[in-house]
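For reference, input-v9.cif is printed below; it contains mmCIF, C-alpha atoms.
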data_final
loop_
_atom_site.label_atom_id
_atom_site.label_comp_id
_atom_site.auth_asym_id
_atom_site.auth_seq_id
_atom_site.Cartn_x
_atom_site.Cartn_y
_atom_site.Cartn_z
CA MET A 5 153.14 -103.25 -159.53
CA ARG A 6 151.04 -100.36 -160.74
CA LYS A 7 147.95 -102.53 -160.82
CA TYR A 8 148.28 -102.95 -157.05
CA LEU A 9 149.22 -99.41 -156.11
CA PHE A 10 146.33 -97.74 -157.90
CA ASN A 11 143.65 -100.26 -157.01
CA ALA A 12 140.99 -98.87 -154.68
CA GLY A 13 140.51 -102.18 -152.87
CA PHE A 14 144.20 -102.49 -152.11
CA ILE A 15 144.46 -98.89 -150.95
CA SER A 16 141.43 -99.38 -148.74
CA SER A 17 142.86 -102.54 -147.21
CA LEU A 18 146.13 -100.78 -146.45
CA THR A 19 144.46 -97.77 -144.88
CA SER A 20 142.43 -100.07 -142.68
CA ALA A 21 145.71 -100.77 -140.87
CA VAL A 22 145.47 -97.39 -139.13
CA PRO A 23 142.77 -98.46 -136.63
CA VAL A 24 144.60 -101.75 -136.10
CA LEU A 25 147.79 -99.88 -135.27
CA ARG A 26 145.92 -97.60 -132.88
CA ALA A 27 144.34 -100.59 -131.16
CA THR A 28 147.77 -102.18 -130.88
CA LYS A 29 149.24 -99.08 -129.24
CA SER A 30 146.45 -98.33 -126.80
CA GLY A 31 144.50 -101.55 -126.28
CA PRO A 32 145.14 -104.62 -124.21
CA ARG A 33 147.34 -107.30 -125.67
CA ASP A 34 145.16 -110.34 -125.70
CA TRP A 35 143.67 -112.81 -128.16
CA ARG A 36 141.39 -110.16 -129.66
CA LEU A 37 144.39 -108.17 -130.87
CA ALA A 38 145.74 -111.24 -132.64
CA LEU A 39 142.37 -111.75 -134.30
CA LEU A 40 142.33 -108.11 -135.34
CA TRP A 41 145.71 -108.45 -137.05
CA ALA A 42 144.68 -111.76 -138.63
CA SER A 43 141.51 -110.23 -140.05
CA TRP A 44 143.48 -107.29 -141.43
CA GLY A 45 145.94 -109.67 -143.10
CA ILE A 46 143.11 -111.70 -144.57
CA GLY A 47 141.58 -108.51 -145.96
CA VAL A 48 144.83 -107.54 -147.65
CA ALA A 49 145.22 -111.07 -149.04
CA LEU A 50 141.67 -110.98 -150.43
CA ALA A 51 142.31 -107.62 -152.08
CA LEU A 52 145.49 -108.95 -153.71
CA GLY A 53 143.67 -112.10 -154.83
CA ALA A 54 140.88 -110.05 -156.38
CA ILE A 55 143.40 -107.94 -158.29
CA ASN A 56 145.14 -111.05 -159.63
CA GLN A 57 141.85 -112.69 -160.56
CA ARG A 58 140.71 -109.58 -162.43
CA ASP A 59 144.04 -109.42 -164.27
CA ASP A 60 143.75 -113.09 -165.26
CA GLY A 61 140.23 -112.46 -166.54
CA ILE A 62 141.41 -109.55 -168.66
CA LYS A 63 144.22 -111.67 -170.12
CA GLN A 64 141.75 -114.48 -170.87
CA ASP A 65 139.40 -112.07 -172.63
CA GLU A 66 142.27 -110.74 -174.75
CA LEU A 67 143.29 -114.28 -175.74
CA GLU A 68 139.73 -115.19 -176.70
CA ARG A 69 139.44 -112.01 -178.77
CA GLU A 70 142.67 -112.87 -180.61
CA LEU A 71 141.44 -116.40 -181.27
CA ARG A 72 138.19 -115.09 -182.73
CA LYS A 73 140.14 -112.71 -184.99
CA ALA A 74 142.39 -115.57 -186.13
CA ALA A 75 139.38 -117.79 -186.82
CA LYS A 76 137.74 -115.08 -188.96
CA ARG A 77 140.88 -114.69 -191.06
CA LYS A 78 140.93 -118.39 -192.04
#

Before anything else, please render the file you have as structure tokens.
Amino acid sequence: MRKYLFNAGFISSLTSAVPVLRATKSGPRDWRLALLWASWGIGVALALGAINQRDDGIKQDELERELRKAAKRK
């Protein structure tokens, strides 16, 4: 959970909800508002996906490092 909360991309995607909320309160309710919310949701999903992908890459690097250490011991 900490990897999400302290990630700059995730924080940025969440704070980008402020203009969307303002547009929802003051703007007309038409198809553009739905697209605005959809684009915000896609941005949050991309941020979460990037965090997961980075975490998987780190785990893969650690596994490869352990395999190299094990191969040197033999």

Surrounding residues of Val48 in chain A excluding itself and chain neighbours under 5 positions, 8 Å, all atoms listed in the file, as a ChimeraX atom specification:
/A:14,17-18

Have a look at CA of Ser16 in chain A and CA of Trp41 in chain A and let me know their distance in Å, one decimal.
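Interatomic distance, CA of Ser16 in chain A to CA of Trp41 in chain A: 15.4 Å.
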
Taking 3 positions as the minimum chain separation for residues in the same chain, which residues sit within 12 Å of Asn11 in chain A when counting all atoms listed in the file? Answer as a list of chain:residue names.
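Using all atoms listed in the file, the neighbours found are A:Met5, A:Arg6, A:Lys7, A:Tyr8, A:Phe14, A:Ile15, A:Ser16, A:Ser17, A:Leu18, A:Val48, A:Ala51, A:Leu52, A:Ala54, A:Ile55, A:Asn56, A:Arg58, A:Asp59.
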
Dump as CSV the rows for residues of range 42-77 of chain A within 12 Å of range 23-34 of chain A: closest atom pair and distance in Å with one decimal, only C-alpha atoms counted, ordered by chain and rising residue number.
residue,atom,partner,partner_atom,distance
A:Ala42,CA,A:Val24,CA,10.3
A:Ser43,CA,A:Val24,CA,9.9
A:Trp44,CA,A:Val24,CA,7.8
A:Gly45,CA,A:Val24,CA,10.7

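In this model, the gap between CA of Leu40 in chain A and CA of Gln57 in chain A comes to 25.6 Å.
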
Counting all atoms listed in the file, the residue of A:Ile46, A:Ala74, A:Gly53, A:Leu9 that sits nearest Ala21 in chain A:
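Closest residue, counting all atoms listed in the file: A:Ile46.
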